[in-house]
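Asks: Below is one structure. I have some questions about it.
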Amino acid sequence: MAQTHIFTIRTEWIRLDQFLKFCGLAETGGHAKEIVAEGAVSVNGDICTARGKKLYPGDRIQIDQYEIEVAACAD
């Protein structure tokens with residue numbers, strides 16, 4: 001079972017491709033696009049092929065053995 005990591009965002013939402021790049025699961029935006037297009041990413045348990053999908057705090061992303069939860073920045 002994958003260990004869940006927390007990734008904090010400072011905005012209301014973040015696009016899936018940006019998220020993959022910012023948390024280090026994709027090297028570039030193009031790499032993120034490929035990963036998503038291959039169907040290798042699930043959002044809240046469902047495979048997602050929309051790289052522009054908006055992620056909000058509470059969403060859970062899984063790719064390979066990595067599971068990451070989006071969290072809001074506590075200002």
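The chains in the structure tokens are called A, B, ... from first to last as shown; in each chain the residues are counted from 1, and the ligands are counted from 1 in the order shown.
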If we count only C-alpha atoms, what is near Thr11 in chain A at a cut-off of 12 Å, once residues fewer than 4 positions away on the same chain are taken out, given as an NGL selection string?

Replies: :A and (15 or 19 or 54-57 or 70-75)

Asks: Kindly save the residues from that selection, with N, CA, C and O atoms included, as a short mmCIF file (atom, residue, chain, number, x, y, z; two decimals), in the first residue's frame.

Replies:
data_model
loop_
_atom_site.label_atom_id
_atom_site.label_comp_id
_atom_site.auth_asym_id
_atom_site.auth_seq_id
_atom_site.Cartn_x
_atom_site.Cartn_y
_atom_site.Cartn_z
N ARG A 15 -3.98 22.82 -11.49
CA ARG A 15 -4.21 21.86 -12.58
C ARG A 15 -3.37 20.61 -12.35
O ARG A 15 -2.27 20.66 -11.81
N PHE A 19 0.44 20.19 -10.98
CA PHE A 19 0.62 19.48 -9.73
C PHE A 19 1.70 18.42 -9.86
O PHE A 19 2.60 18.32 -9.01
N LYS A 54 -8.90 20.27 -12.57
CA LYS A 54 -8.63 21.11 -11.41
C LYS A 54 -8.62 20.24 -10.15
O LYS A 54 -9.56 19.49 -9.91
N LEU A 55 -7.57 20.38 -9.38
CA LEU A 55 -7.45 19.68 -8.11
C LEU A 55 -7.68 20.66 -6.98
O LEU A 55 -7.16 21.78 -7.00
N TYR A 56 -8.45 20.23 -6.00
CA TYR A 56 -8.78 21.07 -4.85
C TYR A 56 -8.29 20.39 -3.57
O TYR A 56 -8.07 19.18 -3.56
N PRO A 57 -8.13 21.17 -2.50
CA PRO A 57 -7.75 20.55 -1.23
C PRO A 57 -8.68 19.38 -0.89
O PRO A 57 -9.90 19.47 -1.05
N VAL A 70 -3.87 16.69 -1.77
CA VAL A 70 -3.77 18.13 -1.91
C VAL A 70 -4.31 18.75 -0.63
O VAL A 70 -5.39 18.38 -0.15
N ALA A 71 -3.56 19.71 -0.08
CA ALA A 71 -3.98 20.39 1.13
C ALA A 71 -3.92 21.89 0.91
O ALA A 71 -3.12 22.39 0.11
N ALA A 72 -4.76 22.62 1.63
CA ALA A 72 -4.76 24.08 1.56
C ALA A 72 -3.70 24.63 2.50
O ALA A 72 -3.44 24.07 3.56
N CYS A 73 -3.09 25.71 2.08
CA CYS A 73 -2.09 26.39 2.91
C CYS A 73 -2.81 27.07 4.06
O CYS A 73 -3.79 27.80 3.85
N ALA A 74 -2.37 26.83 5.27
CA ALA A 74 -2.97 27.47 6.44
C ALA A 74 -2.27 28.80 6.70
O ALA A 74 -1.17 28.81 7.24
N ASP A 75 -2.88 29.89 6.28
CA ASP A 75 -2.28 31.22 6.47
C ASP A 75 -2.57 31.76 7.83
O ASP A 75 -3.55 31.69 8.39
#

Asks: Taking the DSSP assignment computed from this structure's backbone, write out as a count of residues only all residues of chain A that belong to helix (DSSP H, G or I).

Replies: 16

Asks: If we count only C-alpha atoms, what is near Lys21 in chain A at a cut-off of 10 Å, once residues fewer than 5 positions away on the same chain are taken out, given as a ChimeraX atom specification?

Replies: /A:16,26-33

Asks: Could you pull out all residues of chain A with a DSSP call of strand (DSSP E) and give them as a VMD selection string?

Replies: chain A and resid 4 to 9 14 to 15 41 to 43 46 to 47 54 to 55 60 to 63 66 to 72

Asks: Which neighbours of Asp46 in chain A fall inside 12 Å, counting only C-alpha atoms, when residues of the same chain fewer than 4 positions from it are skipped, and could you give them as a CSV table (one decimal) with N, CA and C atoms, in the first residue's frame?

Replies:
chain,number,residue,atom,x,y,z
A,39,GLY,N,-2.9,7.4,-18.9
A,39,GLY,CA,-3.8,6.8,-17.9
A,39,GLY,C,-3.1,6.3,-16.7
A,40,ALA,N,-1.9,6.8,-16.4
A,40,ALA,CA,-1.2,6.4,-15.3
A,40,ALA,C,-1.5,7.1,-14.0
A,41,VAL,N,-2.4,8.1,-14.0
A,41,VAL,CA,-2.7,8.9,-12.9
A,41,VAL,C,-4.2,8.6,-12.5
A,42,SER,N,-4.4,8.5,-11.2
A,42,SER,CA,-5.8,8.4,-10.7
A,42,SER,C,-6.1,9.6,-9.7
A,50,ALA,N,-7.4,13.8,-18.2
A,50,ALA,CA,-7.5,15.3,-18.5
A,50,ALA,C,-6.4,16.0,-17.7
A,59,ASP,N,-8.4,16.4,-2.5
A,59,ASP,CA,-8.3,15.5,-3.6
A,59,ASP,C,-7.0,14.6,-3.3
A,60,ARG,N,-7.1,13.3,-3.8
A,60,ARG,CA,-6.0,12.4,-3.6
A,60,ARG,C,-5.6,11.9,-5.0
A,61,ILE,N,-4.3,12.0,-5.3
A,61,ILE,CA,-3.7,11.6,-6.6
A,61,ILE,C,-2.9,10.4,-6.3
A,62,GLN,N,-3.0,9.5,-7.2
A,62,GLN,CA,-2.1,8.3,-7.1
A,62,GLN,C,-1.5,8.0,-8.5
A,63,ILE,N,-0.1,7.8,-8.4
A,63,ILE,CA,0.6,7.4,-9.6
A,63,ILE,C,1.7,6.5,-9.1

Asks: Just to confirm, what's the straight-line distance from CA of Glu12 in chain A to CA of Tyr66 in chain A in Å (one decimal)?

Replies: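 Between these atoms lies a distance of 22.9 Å.
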
Asks: Give me the residues near Thr4 in chain A as a PyMOL selection string, where near means some atom within 7 Å (using only C-alpha atoms) and where sequence neighbours in that chain fewer than 6 positions away do not count.

Replies: chain A and resi 67-69

Asks: Take CA of Gly45 in chain A and CA of Arg10 in chain A and report the distance between them in Å, one decimal.

Replies: 23.8 Å
